[in-house]
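**Student:** My structure is stored as protein07.cif, with mmCIF, C-alpha atoms.
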data_protein
loop_
_atom_site.label_atom_id
_atom_site.label_comp_id
_atom_site.auth_asym_id
_atom_site.auth_seq_id
_atom_site.Cartn_x
_atom_site.Cartn_y
_atom_site.Cartn_z
CA MET X 188 117.48 -41.31 -99.93
CA LYS X 189 118.53 -38.24 -101.90
CA SER X 190 114.99 -36.92 -101.84
CA ILE X 191 114.76 -37.42 -98.06
CA ASN X 192 118.08 -35.67 -97.51
CA GLY X 193 116.93 -32.92 -99.84
CA ILE X 194 113.88 -32.31 -97.66
CA LEU X 195 115.98 -32.30 -94.49
CA ILE X 196 118.40 -29.70 -95.83
CA SER X 197 115.53 -27.53 -97.08
CA ARG X 198 113.78 -24.76 -95.14
CA TRP X 199 111.48 -27.43 -93.69
CA GLY X 200 114.32 -29.56 -92.33
CA PRO X 201 114.48 -28.20 -88.76
CA ALA X 202 110.69 -28.36 -88.37
CA ILE X 203 110.53 -31.95 -89.64
CA THR X 204 113.42 -32.98 -87.39
CA GLY X 205 111.95 -31.16 -84.39
CA ALA X 206 108.57 -32.82 -84.93
CA PHE X 207 110.23 -36.23 -85.07
CA VAL X 208 112.40 -35.63 -81.99
CA GLY X 209 109.42 -34.36 -79.97
CA ALA X 210 107.19 -37.28 -80.95
CA ALA X 211 110.02 -39.77 -80.37
CA ALA X 212 110.70 -38.31 -76.91
CA SER X 213 107.11 -38.90 -75.86
CA LEU X 214 106.98 -42.36 -77.44
CA LEU X 215 110.18 -43.43 -75.69
CA VAL X 216 108.51 -42.57 -72.37
CA TYR X 217 105.60 -44.78 -73.41
CA PHE X 218 108.03 -47.59 -74.24
CA GLY X 219 109.80 -47.36 -70.87
CA ASN X 220 112.11 -44.34 -70.54
CA PRO X 221 111.64 -42.16 -67.41
CA GLY X 222 108.72 -39.74 -67.32
CA ASN X 223 109.26 -36.57 -69.40
CA MET X 224 112.72 -37.95 -70.16
CA GLY X 225 112.20 -39.78 -73.41
CA ILE X 226 115.22 -37.96 -74.80
CA CYS X 227 117.61 -35.94 -72.63
CA VAL X 228 121.21 -35.61 -73.78
CA ALA X 229 122.43 -34.38 -70.37
CA CYS X 230 120.54 -37.01 -68.35
CA PHE X 231 121.57 -39.81 -70.69
CA THR X 232 125.21 -38.71 -70.58
CA ARG X 233 124.95 -38.70 -66.78
CA ASP X 234 123.57 -42.26 -66.87
CA ILE X 235 126.43 -43.37 -69.10
CA ALA X 236 128.94 -41.77 -66.72
CA GLY X 237 127.40 -43.81 -63.91
CA ALA X 238 127.40 -47.00 -65.96
CA LEU X 239 131.12 -46.52 -66.61
CA GLY X 240 131.80 -46.05 -62.89
CA LEU X 241 132.56 -42.33 -63.06
CA HIS X 242 130.01 -41.88 -60.28
CA ARG X 243 128.30 -44.34 -57.95
CA ALA X 244 124.78 -42.92 -57.75
CA GLY X 245 123.10 -46.28 -58.13
CA VAL X 246 119.78 -44.94 -59.43
CA VAL X 247 121.26 -43.27 -62.53
CA GLN X 248 123.52 -45.86 -64.17
CA TYR X 249 122.70 -47.16 -67.64
CA LEU X 250 124.39 -47.21 -71.04
CA ARG X 251 121.67 -45.32 -72.87
CA PRO X 252 121.77 -46.50 -76.53
CA GLU X 253 120.26 -43.24 -77.77
CA ILE X 254 123.58 -41.41 -77.27
CA PRO X 255 125.69 -43.81 -79.40
CA GLY X 256 122.81 -43.70 -81.87
CA PHE X 257 123.06 -39.92 -82.21
CA ILE X 258 126.79 -40.11 -82.89
CA LEU X 259 126.62 -43.03 -85.33
CA GLY X 260 123.59 -41.65 -87.16
CA ALA X 261 125.37 -38.33 -87.66
CA PHE X 262 128.57 -40.11 -88.75
CA LEU X 263 126.75 -42.18 -91.37
CA ALA X 264 124.80 -39.18 -92.66
CA ALA X 265 127.96 -37.09 -92.98
CA PHE X 266 130.15 -39.86 -94.39
CA LEU X 267 127.70 -41.01 -97.06
CA SER X 268 127.09 -37.46 -98.28
CA ARG X 269 130.79 -36.51 -98.17
CA GLU X 270 130.26 -34.06 -95.34
CA TYR X 271 132.53 -35.95 -92.97
CA LEU X 272 135.15 -33.35 -92.07
CA PRO X 273 137.58 -34.06 -89.23
CA ARG X 274 138.70 -30.81 -87.59
CA SER X 275 139.82 -29.59 -84.19
CA GLY X 276 142.04 -27.10 -82.38
CA SER X 277 139.60 -24.37 -81.37
CA SER X 278 140.49 -23.91 -77.68
CA PRO X 279 139.81 -27.56 -76.75
CA VAL X 280 140.61 -27.23 -73.03
CA VAL X 281 138.25 -24.28 -72.68
CA ARG X 282 135.57 -26.27 -74.49
CA PHE X 283 136.11 -29.17 -72.08
CA PHE X 284 135.32 -26.94 -69.11
CA LEU X 285 132.40 -25.32 -70.91
CA GLY X 286 130.99 -28.83 -71.28
CA PHE X 287 131.80 -29.57 -67.65
CA PHE X 288 129.92 -26.53 -66.33
CA ALA X 289 127.09 -26.90 -68.86
CA MET X 290 126.46 -30.29 -67.30
CA ILE X 291 126.53 -28.85 -63.78
CA GLY X 292 123.87 -26.33 -64.77
CA ALA X 293 121.78 -28.99 -66.52
CA LEU X 294 121.86 -31.24 -63.46
CA ILE X 295 120.76 -28.34 -61.26
CA PHE X 296 117.69 -27.99 -63.49
CA LEU X 297 117.56 -31.76 -64.12
CA GLY X 298 117.59 -31.75 -67.88
CA CYS X 299 119.11 -30.37 -71.07
CA PRO X 300 117.24 -28.01 -73.45
CA TRP X 301 115.62 -30.97 -75.20
CA ARG X 302 114.27 -32.24 -71.89
CA ALA X 303 113.17 -28.76 -70.87
CA TYR X 304 110.83 -28.71 -73.86
CA ALA X 305 109.81 -32.33 -73.30
CA ARG X 306 108.97 -31.52 -69.68
CA LEU X 307 106.87 -28.54 -70.76
CA ALA X 308 105.07 -30.67 -73.35
CA GLY X 309 104.35 -33.21 -70.62
CA GLY X 310 102.75 -30.59 -68.37
CA ASP X 311 105.67 -29.92 -66.04
CA TRP X 312 105.33 -26.19 -65.42
CA ASN X 313 108.69 -26.13 -63.59
CA ALA X 314 110.23 -26.23 -67.05
CA ILE X 315 109.04 -22.67 -67.68
CA ALA X 316 111.64 -21.27 -65.27
CA GLY X 317 114.29 -23.47 -66.86
CA ILE X 318 113.46 -22.31 -70.38
CA GLY X 319 113.49 -18.73 -69.11
CA GLY X 320 116.96 -19.28 -67.68
CA LEU X 321 118.09 -20.96 -70.91
CA THR X 322 116.93 -17.93 -72.89
CA ALA X 323 118.66 -15.53 -70.49
CA GLY X 324 121.92 -17.50 -70.72
CA ILE X 325 121.76 -17.53 -74.51
CA GLY X 326 121.02 -13.80 -74.49
CA LEU X 327 124.09 -13.14 -72.36
CA GLY X 328 126.16 -15.27 -74.72
CA ILE X 329 124.88 -13.20 -77.63
CA VAL X 330 126.19 -10.06 -75.94
CA PHE X 331 129.66 -11.61 -76.00
CA LEU X 332 129.22 -12.67 -79.64
CA TRP X 333 128.27 -9.11 -80.56
CA ASN X 334 131.47 -7.95 -78.90
CA GLY X 335 133.75 -10.23 -80.89
CA PHE X 336 133.83 -13.43 -78.81
CA SER X 337 135.57 -16.35 -80.50
CA LEU X 338 137.33 -19.51 -79.39
CA GLY X 339 139.44 -19.41 -82.55
CA ARG X 340 139.45 -21.38 -85.76
CA ALA X 341 139.57 -25.14 -86.00
CA SER X 342 142.01 -26.82 -88.41
CA ARG X 343 141.66 -29.90 -90.57
CA SER X 344 142.65 -33.12 -88.82
CA PRO X 345 143.73 -36.48 -90.25
CA ALA X 346 140.79 -38.50 -91.56
CA TRP X 347 140.89 -41.08 -88.77
CA ALA X 348 140.86 -38.42 -86.04
CA GLY X 349 137.16 -37.90 -86.61
CA ALA X 350 136.43 -41.60 -86.25
CA VAL X 351 137.28 -41.71 -82.54
CA MET X 352 133.80 -40.76 -81.31
CA PRO X 353 131.95 -43.14 -83.66
CA LEU X 354 134.29 -45.93 -82.54
CA ALA X 355 133.65 -44.98 -78.91
CA ALA X 356 129.92 -45.17 -79.63
CA VAL X 357 130.35 -48.68 -81.02
CA ALA X 358 132.31 -49.63 -77.89
CA LEU X 359 129.48 -48.37 -75.66
CA LEU X 360 126.97 -50.47 -77.59
CA ALA X 361 129.25 -53.51 -77.24
CA LEU X 362 129.43 -52.97 -73.47
CA LEU X 363 125.65 -52.62 -73.33
CA TYR X 364 125.21 -55.92 -75.17
CA LEU X 365 127.97 -57.91 -73.44
CA ARG X 366 127.55 -56.45 -69.91
CA PRO X 367 130.96 -57.77 -68.77
CA LEU X 368 131.43 -58.53 -65.08
CA PHE X 369 135.04 -58.98 -64.06
CA GLY X 370 135.43 -56.55 -61.17
CA PRO X 371 135.59 -57.40 -57.46
CA GLU X 372 132.94 -59.94 -56.51
CA GLY X 373 131.57 -60.00 -60.04
CA THR X 374 130.83 -56.27 -60.28
CA GLY X 375 131.81 -53.76 -62.94
CA PRO X 376 133.36 -52.45 -65.01
CA VAL X 377 129.86 -51.54 -66.22
CA PHE X 378 127.07 -50.79 -63.74
CA PHE X 379 123.30 -50.87 -64.27
CA SER X 380 120.65 -49.38 -62.00
CA LYS X 381 118.22 -51.78 -60.40
CA SER X 382 115.79 -49.01 -59.42
CA GLY X 383 115.16 -45.32 -60.13
CA PRO X 384 115.42 -43.47 -63.45
CA GLY X 385 118.40 -45.54 -64.56
CA ALA X 386 116.33 -48.71 -64.42
CA ALA X 387 113.59 -47.22 -66.62
CA ALA X 388 114.47 -47.82 -70.25
CA ALA X 389 112.83 -48.44 -73.58
CA PRO X 390 113.84 -51.64 -75.42
CA VAL X 391 117.37 -51.30 -76.78
CA ALA X 392 116.36 -51.82 -80.43
CA ILE X 393 113.75 -49.05 -80.27
CA ALA X 394 116.02 -46.63 -78.38
CA LEU X 395 118.95 -47.24 -80.72
CA GLY X 396 116.75 -46.94 -83.79
CA VAL X 397 115.43 -43.59 -82.60
CA GLY X 398 118.96 -42.43 -81.81
CA LEU X 399 120.21 -43.32 -85.29
CA LEU X 400 117.31 -41.54 -86.98
CA VAL X 401 117.68 -38.44 -84.81
CA GLY X 402 121.42 -38.36 -85.48
CA TRP X 403 120.86 -38.65 -89.23
CA MET X 404 118.08 -36.06 -89.38
CA ALA X 405 119.78 -33.55 -87.07
CA GLN X 406 123.03 -33.77 -89.04
CA LYS X 407 121.21 -32.90 -92.24
CA SER X 408 118.87 -30.24 -90.89
CA ARG X 409 121.34 -28.66 -88.41
CA PHE X 410 118.65 -28.96 -85.73
CA CYS X 411 119.80 -27.15 -82.57
CA THR X 412 117.62 -25.82 -79.76
CA VAL X 413 120.25 -23.32 -78.56
CA GLY X 414 121.11 -22.19 -82.07
CA ALA X 415 117.38 -21.68 -82.65
CA LEU X 416 117.07 -19.13 -79.85
CA ARG X 417 120.44 -17.56 -80.68
CA ASP X 418 119.47 -16.96 -84.32
CA LEU X 419 115.99 -15.76 -83.39
CA ILE X 420 117.34 -13.18 -80.93
CA MET X 421 120.57 -12.24 -82.66
CA LEU X 422 119.60 -12.38 -86.34
CA ARG X 423 115.78 -12.30 -86.22
CA ASN X 424 115.96 -15.58 -88.17
CA GLY X 425 113.32 -18.17 -87.26
CA HIS X 426 114.61 -20.99 -89.51
CA LEU X 427 115.99 -23.15 -86.70
CA PHE X 428 113.32 -22.03 -84.23
CA SER X 429 110.70 -23.77 -86.34
CA GLY X 430 112.29 -26.98 -85.07
CA VAL X 431 111.70 -25.99 -81.44
CA ALA X 432 108.08 -25.08 -82.16
CA ALA X 433 107.51 -28.37 -83.99
CA PHE X 434 109.17 -30.27 -81.12
CA LEU X 435 106.78 -28.75 -78.57
CA VAL X 436 103.67 -29.32 -80.66
CA SER X 437 104.44 -32.93 -81.61
CA ALA X 438 105.54 -33.90 -78.08
CA PHE X 439 102.39 -32.32 -76.60
CA VAL X 440 100.08 -34.07 -79.10
CA VAL X 441 101.67 -37.48 -78.56
CA ASN X 442 101.61 -37.04 -74.78
CA LEU X 443 97.94 -36.09 -74.98
CA LEU X 444 97.09 -39.12 -77.14
CA LEU X 445 98.99 -41.48 -74.82
CA GLY X 446 97.58 -40.01 -71.61
CA GLN X 447 101.00 -38.74 -70.54
CA PHE X 448 100.10 -35.05 -70.22
CA ARG X 449 99.86 -34.29 -66.51
CA PRO X 450 99.94 -30.54 -65.85
CA GLY X 451 101.20 -29.03 -62.62
CA PHE X 452 104.23 -28.10 -60.56
CA GLU X 453 104.18 -30.78 -57.87
CA SER X 454 105.09 -34.47 -58.16
CA GLN X 455 106.52 -34.19 -61.66
CA PRO X 456 108.93 -37.00 -62.63
CA VAL X 457 112.60 -36.27 -61.84
CA ALA X 458 112.00 -32.57 -61.17
CA HIS X 459 112.03 -30.11 -58.28
CA THR X 460 110.07 -26.92 -57.64
CA ASN X 461 112.86 -24.48 -56.74
CA GLN X 462 112.17 -22.06 -59.59
CA LEU X 463 115.07 -19.73 -58.80
CA TRP X 464 117.62 -22.50 -59.24
CA ASN X 465 115.76 -24.00 -62.20
CA PHE X 466 116.33 -20.60 -63.81
CA ILE X 467 119.94 -20.14 -62.69
CA GLY X 468 120.99 -23.70 -63.57
CA MET X 469 119.74 -23.40 -67.13
CA ALA X 470 121.12 -19.86 -67.43
CA LEU X 471 124.57 -21.35 -66.80
CA SER X 472 123.94 -24.10 -69.35
CA GLY X 473 122.56 -21.68 -71.93
CA LEU X 474 125.60 -19.42 -71.60
CA ALA X 475 128.03 -22.36 -71.85
CA PHE X 476 126.21 -23.86 -74.85
CA THR X 477 126.20 -20.51 -76.66
CA LEU X 478 129.91 -19.93 -76.10
CA ALA X 479 130.63 -23.48 -77.30
CA GLY X 480 128.43 -23.11 -80.38
CA GLY X 481 125.45 -25.39 -79.81
CA CYS X 482 123.19 -27.38 -77.49
CA PRO X 483 124.33 -30.77 -76.18
CA GLY X 484 122.43 -32.60 -78.90
CA ARG X 485 124.15 -30.51 -81.55
CA GLN X 486 127.53 -31.17 -79.90
CA MET X 487 126.87 -34.92 -80.11
CA ILE X 488 125.93 -34.62 -83.77
CA MET X 489 129.02 -32.56 -84.61
CA SER X 490 131.26 -35.02 -82.78
CA GLY X 491 129.85 -37.75 -85.02
CA GLU X 492 130.61 -35.82 -88.21
CA GLY X 493 134.26 -35.33 -87.23
CA ASP X 494 134.37 -32.22 -85.04
CA GLY X 495 137.03 -32.94 -82.41
CA ASP X 496 136.23 -29.76 -80.48
CA ALA X 497 132.61 -30.85 -80.08
CA ALA X 498 133.91 -34.24 -78.93
CA VAL X 499 136.00 -32.52 -76.24
CA PHE X 500 132.88 -30.63 -75.11
CA VAL X 501 130.98 -33.95 -74.87
CA LEU X 502 133.79 -35.47 -72.81
CA GLY X 503 133.63 -32.42 -70.54
CA MET X 504 129.93 -33.14 -70.03
CA LEU X 505 130.70 -36.77 -69.21
CA VAL X 506 133.30 -35.83 -66.59
CA GLY X 507 131.03 -33.07 -65.26
CA ALA X 508 128.29 -35.62 -64.70
CA GLY X 509 130.68 -37.78 -62.69
CA PHE X 510 131.76 -34.82 -60.55
CA ALA X 511 128.18 -33.67 -60.08
CA HIS X 512 127.18 -36.89 -58.37
CA ASN X 513 130.45 -37.67 -56.62
CA PHE X 514 130.55 -34.22 -55.03
CA SER X 515 126.80 -33.85 -54.32
CA LEU X 516 126.40 -31.07 -56.87
CA ALA X 517 123.44 -32.52 -58.76
CA ALA X 518 119.90 -31.63 -57.75
CA SER X 519 117.22 -34.23 -57.11
CA PRO X 520 113.43 -34.19 -56.73
CA ALA X 521 114.13 -33.18 -53.11
CA GLY X 522 115.78 -29.95 -54.27
CA VAL X 523 119.16 -28.29 -54.86
CA THR X 524 122.17 -28.81 -52.60
CA SER X 525 124.33 -25.98 -51.25
CA PHE X 526 127.29 -27.60 -53.02
CA GLY X 527 125.40 -27.46 -56.30
CA MET X 528 124.57 -23.79 -55.79
CA THR X 529 128.24 -23.00 -55.18
CA ALA X 530 129.37 -24.96 -58.23
CA THR X 531 126.79 -23.16 -60.37
CA VAL X 532 128.08 -19.75 -59.30
CA ILE X 533 131.66 -20.86 -60.04
CA GLY X 534 130.51 -22.06 -63.46
CA ILE X 535 128.86 -18.73 -64.23
CA VAL X 536 132.04 -16.86 -63.23
CA PHE X 537 134.09 -19.16 -65.47
CA CYS X 538 131.80 -18.65 -68.46
CA LEU X 539 131.72 -14.88 -67.96
CA ALA X 540 135.52 -14.84 -67.84
CA VAL X 541 135.73 -16.88 -71.05
CA GLY X 542 133.22 -14.61 -72.78
CA TRP X 543 135.15 -11.50 -71.73
CA LEU X 544 138.71 -12.70 -72.30
CA PHE X 545 138.21 -14.46 -75.66
CA ARG X 546 137.23 -11.38 -77.58
CA ILE X 547 138.78 -10.50 -80.90
CA LYS X 548 139.21 -6.78 -81.51
CA LEU X 549 137.02 -5.73 -84.38
CA ASP X 550 138.27 -3.06 -86.78
#
Using structure tokens, write down the structure that the file contains.
**Tutor:**
Amino acid sequence: MKSINGILISRWGPAITGAFVGAAASLLVYFGNPGNMGICVACFTRDIAGALGLHRAGVVQYLRPEIPGFILGAFLAAFLSREYLPRSGSSPVVRFFLGFFAMIGALIFLGCPWRAYARLAGGDWNAIAGIGGLTAGIGLGIVFLWNGFSLGRASRSPAWAGAVMPLAAVALLALLYLRPLFGPEGTGPVFFSKSGPGAAAAPVAIALGVGLLVGWMAQKSRFCTVGALRDLIMLRNGHLFSGVAAFLVSAFVVNLLLGQFRPGFESQPVAHTNQLWNFIGMALSGLAFTLAGGCPGRQMIMSGEGDGDAAVFVLGMLVGAGFAHNFSLAASPAGVTSFGMTATVIGIVFCLAVGWLFRIKLD
């Protein structure tokens, strides 16, 4: 185990992790997850929000085991190597709303950064506009970082404070296994789609196993798709970006081998062709992720290793997913709603205000 961890924390760690995540994303599609959505932190969080009754969009309700797997895998990796470090207190309310609006942007595009690359590797050319928007949002966030942006320092928390998210992950897995029905007429409190993307799922054991491995590997290697672009642009450092490149290559190769590579713009799974809003939606997400310090996958991993601020960001995403569907903000294969466009503009204004107002004067 020490030798494996040693490789993951080496210069090759991000590339190895990215290659695994990309291949796993394509394989999970083969085993039953929605097309080009083998792994999508935003989409899976949205499905969990629906399963918990935070929204009632019946086609996207499922307790995706990959998400608890990410958190628990990261927790075990950190705890066993004495890297478990509970901390919090870095502008948690602001982070909540950054997570909220990051989710709005992701559901305009219909995917997080991980899915953007998975979509591209599957032949969905609509992802190009989304990745362009993601890069633009990260670039704008870098401008704020260069000008002293900071949400403040986190402080050490009691040891058990960091265990809340891992315990919540265990609770989600228990609900997935037990599927309790004690609501009105035998419904709820957990809901499961009978059709649509929420009904497409890989076997639980496979999905959970992948989630645990991704959580472990990402915790060790610090794999982060937003951090990769941030460091490449800001510091001219390609260490983390090697993970993005490996993700794309491995996902493309596996898709090709499995006959899942279907290039084009039209009729792509869970995608729309409004390129302007694909760009703008991911620009909002990229800006929010940069201000918060990492992509949604990285936020999940950090929440597992004891970061309470990352956990607040994740909860903001969960609530944002509920709002997105309850208030008709989320896009669909049919396109983007006017409500979603308005919410995206509000989110951009919020993030710009945070970036401008949370500057520390540099001597």
**Student:** Translate the PyMOL selection byres ((chain X and resi 453) around 12), as applied to the file shown, into an explicit residue set as a ChimeraX atom specification.
**Tutor:** /X:310-314,449-452,454-462,520-521
**Student:** Take the residues just selected and output them with C-alpha atoms as an mmCIF file, in the frame of the given file.
**Tutor:**
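Ended up saving to part26.cif:
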data_model
loop_
_atom_site.group_PDB
_atom_site.id
_atom_site.type_symbol
_atom_site.label_atom_id
_atom_site.label_comp_id
_atom_site.auth_asym_id
_atom_site.auth_seq_id
_atom_site.Cartn_x
_atom_site.Cartn_y
_atom_site.Cartn_z
ATOM 1 C CA GLY X 310 102.750 -30.590 -68.370
ATOM 2 C CA ASP X 311 105.670 -29.920 -66.040
ATOM 3 C CA TRP X 312 105.330 -26.190 -65.420
ATOM 4 C CA ASN X 313 108.690 -26.130 -63.590
ATOM 5 C CA ALA X 314 110.230 -26.230 -67.050
ATOM 6 C CA ARG X 449 99.860 -34.290 -66.510
ATOM 7 C CA PRO X 450 99.940 -30.540 -65.850
ATOM 8 C CA GLY X 451 101.200 -29.030 -62.620
ATOM 9 C CA PHE X 452 104.230 -28.100 -60.560
ATOM 10 C CA SER X 454 105.090 -34.470 -58.160
ATOM 11 C CA GLN X 455 106.520 -34.190 -61.660
ATOM 12 C CA PRO X 456 108.930 -37.000 -62.630
ATOM 13 C CA VAL X 457 112.600 -36.270 -61.840
ATOM 14 C CA ALA X 458 112.000 -32.570 -61.170
ATOM 15 C CA HIS X 459 112.030 -30.110 -58.280
ATOM 16 C CA THR X 460 110.070 -26.920 -57.640
ATOM 17 C CA ASN X 461 112.860 -24.480 -56.740
ATOM 18 C CA GLN X 462 112.170 -22.060 -59.590
ATOM 19 C CA PRO X 520 113.430 -34.190 -56.730
ATOM 20 C CA ALA X 521 114.130 -33.180 -53.110
#
**Student:** Calculated over all atoms listed in the file, which of the candidates X:Ser190, X:Thr529, X:Gln406, X:Ser472 has the smallest distance to Phe288 in chain X?
**Tutor:** X:Ser472
**Student:** If I take CA of Ile191 in chain X and CA of Val501 in chain X, how far is one from the other in Å, to one decimal?
**Tutor:** 28.5 Å
**Student:** Quick one: which residues end up in the PyMOL selection byres ((chain X and resi 477) around 9) for this structure, as a list of chain:residue names?
**Tutor:**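 Listing what the PyMOL selection byres ((chain X and resi 477) around 9) selects in the shown file: X:Gly324, X:Ile325, X:Gly326, X:Leu327, X:Gly328, X:Ile329, X:Leu332, X:Val413, X:Gly414, X:Arg417, X:Ser472, X:Gly473, X:Leu474, X:Ala475, X:Phe476, X:Leu478, X:Ala479, X:Gly480, X:Gly481, X:Cys482.
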**Student:** Given the file above and the PyMOL selection byres ((chain X and resi 223-236) around 7), which residues are selected, and can you give them as a PyMOL selection string?
**Tutor:** chain X and resi 212-213+215-216+220-222+237-242+247-251+290+293+298-299+301-302+305-306+309+385+456+483-484+505+508-509
**Student:** Take every atom of range 487-493 of chain X listed in the file, fit an axis-aligned box around them, add 8 Å per side, and give the centre and edge lengths in Å to one decimal as AutoDock Vina command-line options.
**Tutor:**
--center_x 130.1 --center_y -35.2 --center_z -84.2 --size_x 24.3 --size_y 21.2 --size_z 24.1
**Student:** Could you check which of X:Ala517, X:Leu259, X:Ala323, X:Ala202 is closest to Phe466 in chain X, using only C-alpha atoms?
**Tutor:**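 Selected residue with least distance to Phe466 in chain X: X:Ala323.
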**Student:** Compare X:Ala498, X:Leu272, X:Ile488, X:Val377 by their minimum atom-to-atom distance to Trp403 in chain X, counting only C-alpha atoms, and give me the closest one.
**Tutor:**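 Checking each candidate against Trp403 in chain X, we get X:Ile488 as the closest.
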**Student:** Here is a test: counting only C-alpha atoms, which residue of X:Val281, X:Ile295, X:Leu263, X:Ala341 is nearest to Ser525 in chain X?
**Tutor:**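 Residue with the minimum atom-to-atom distance to Ser525 in chain X: X:Ile295.
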**Student:** Enter the distance from CA of Ser382 in chain X to CA of Trp464 in chain X, in Å, rounded to one decimal.
**Tutor:**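 Rounded to one decimal, the two atoms are 26.6 Å apart.
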**Student:** Which is closest to Leu445 in chain X among X:Ile203, X:Leu294, X:Ala210, X:Ile420, if we use all atoms listed in the file?
**Tutor:**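 Distance minimum relative to Leu445 in chain X lands on X:Ala210.
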**Student:** Which residue is closest to Ala316 in chain X? Choose from X:Gly349, X:Gly396, X:Gly219, X:Pro300 and count all atoms listed in the file.
**Tutor:** X:Pro300
**Student:** Please compute the CA of Glu253 in chain X-CA of Val391 in chain X distance, one decimal, in Å.
**Tutor:**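 Atom-to-atom, CA of Glu253 in chain X to CA of Val391 in chain X, that is 8.6 Å.
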**Student:** Can you tell me which residues surround Phe500 in chain X at a distance of at most 8 Å, considering only C-alpha atoms, apart from same-chain residues fewer than 6 positions away, and format the answer as a list of chain:residue names?
**Tutor:**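 Neighbouring residues, sequence-local ones excluded: X:Pro279, X:Arg282, X:Phe283, X:Phe284, X:Leu285, X:Gly286, X:Phe287, X:Ala479, X:Gln486.
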**Student:** Counting all atoms listed in the file, what is within 9 Å of Ser342 in chain X, bar same-chain residues fewer than 2 positions away, as a PDB file with C-alpha atoms, in the coordinates of the input?
**Tutor:**
ATOM      1  CA  PRO X 273     137.580 -34.060 -89.230  1.00  0.00           C
ATOM      2  CA  ARG X 274     138.700 -30.810 -87.590  1.00  0.00           C
ATOM      3  CA  SER X 275     139.820 -29.590 -84.190  1.00  0.00           C
ATOM      4  CA  GLY X 276     142.040 -27.100 -82.380  1.00  0.00           C
ATOM      5  CA  SER X 277     139.600 -24.370 -81.370  1.00  0.00           C
ATOM      6  CA  ARG X 340     139.450 -21.380 -85.760  1.00  0.00           C
ATOM      7  CA  SER X 344     142.650 -33.120 -88.820  1.00  0.00           C
TER       8      SER X 344
END
**Student:** Would you list the residues near (130.0, -44.2, -80.9), meaning any protein, DNA or RNA residue with an atom at most 10 Å from that point in file coordinates, counting only C-alpha atoms, as a list in words?
**Tutor:** Pro252, Ile254, Pro255, Gly256, Phe257, Ile258, Leu259, Gly260, Phe262, Ala350, Val351, Met352, Pro353, Leu354, Ala355, Ala356, Val357, Ala358, Leu359, Leu360, Met487, Ser490 and Gly491 of chain X
**Student:** Applying 12 Å and only C-alpha atoms, which residues near Ser197 in chain X remain after dropping the ones on its own chain fewer than 3 positions away? List them as a PyMOL selection string.
**Tutor:** chain X and resi 190-194+200-204+404+407-410+426-427
**Student:** Write out, as a compact mmCIF listing (two decimals), keeping the file's coordinate frame, the residues just selected, with C-alpha atoms.
**Tutor:**
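Result file follows (again.txt):
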# COMPACT_ATOMS: atom_id res chain seq x y z
CA SER X 190 114.99 -36.92 -101.84
CA ILE X 191 114.76 -37.42 -98.06
CA ASN X 192 118.08 -35.67 -97.51
CA GLY X 193 116.93 -32.92 -99.84
CA ILE X 194 113.88 -32.31 -97.66
CA GLY X 200 114.32 -29.56 -92.33
CA PRO X 201 114.48 -28.20 -88.76
CA ALA X 202 110.69 -28.36 -88.37
CA ILE X 203 110.53 -31.95 -89.64
CA THR X 204 113.42 -32.98 -87.39
CA MET X 404 118.08 -36.06 -89.38
CA LYS X 407 121.21 -32.90 -92.24
CA SER X 408 118.87 -30.24 -90.89
CA ARG X 409 121.34 -28.66 -88.41
CA PHE X 410 118.65 -28.96 -85.73
CA HIS X 426 114.61 -20.99 -89.51
CA LEU X 427 115.99 -23.15 -86.70
**Student:** Need the shell around Ser337 in chain X: protein/DNA/RNA residues with any atom at most 7 Å away, counting all atoms listed in the file. Skip same-chain ones fewer than 3 positions apart. Format as a list in words?
**Tutor:**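 Close residues of Ser337 in chain X: Phe545, Arg546 and Ile547 of chain X.
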**Student:** At a cut-off of 7 Å from (128.2, -27.0, -59.6) in the coordinates of the file, what residues are picked up using all atoms listed in the file, written as a PDB file with C-alpha atoms, in the coordinates of the input?
**Tutor:**
ATOM      1  CA  PHE X 288     129.920 -26.530 -66.330  1.00  0.00           C
ATOM      2  CA  ILE X 291     126.530 -28.850 -63.780  1.00  0.00           C
ATOM      3  CA  GLY X 292     123.870 -26.330 -64.770  1.00  0.00           C
ATOM      4  CA  ALA X 511     128.180 -33.670 -60.080  1.00  0.00           C
ATOM      5  CA  LEU X 516     126.400 -31.070 -56.870  1.00  0.00           C
ATOM      6  CA  PHE X 526     127.290 -27.600 -53.020  1.00  0.00           C
ATOM      7  CA  GLY X 527     125.400 -27.460 -56.300  1.00  0.00           C
ATOM      8  CA  MET X 528     124.570 -23.790 -55.790  1.00  0.00           C
ATOM      9  CA  THR X 529     128.240 -23.000 -55.180  1.00  0.00           C
ATOM     10  CA  ALA X 530     129.370 -24.960 -58.230  1.00  0.00           C
ATOM     11  CA  THR X 531     126.790 -23.160 -60.370  1.00  0.00           C
ATOM     12  CA  GLY X 534     130.510 -22.060 -63.460  1.00  0.00           C
TER      13      GLY X 534
END
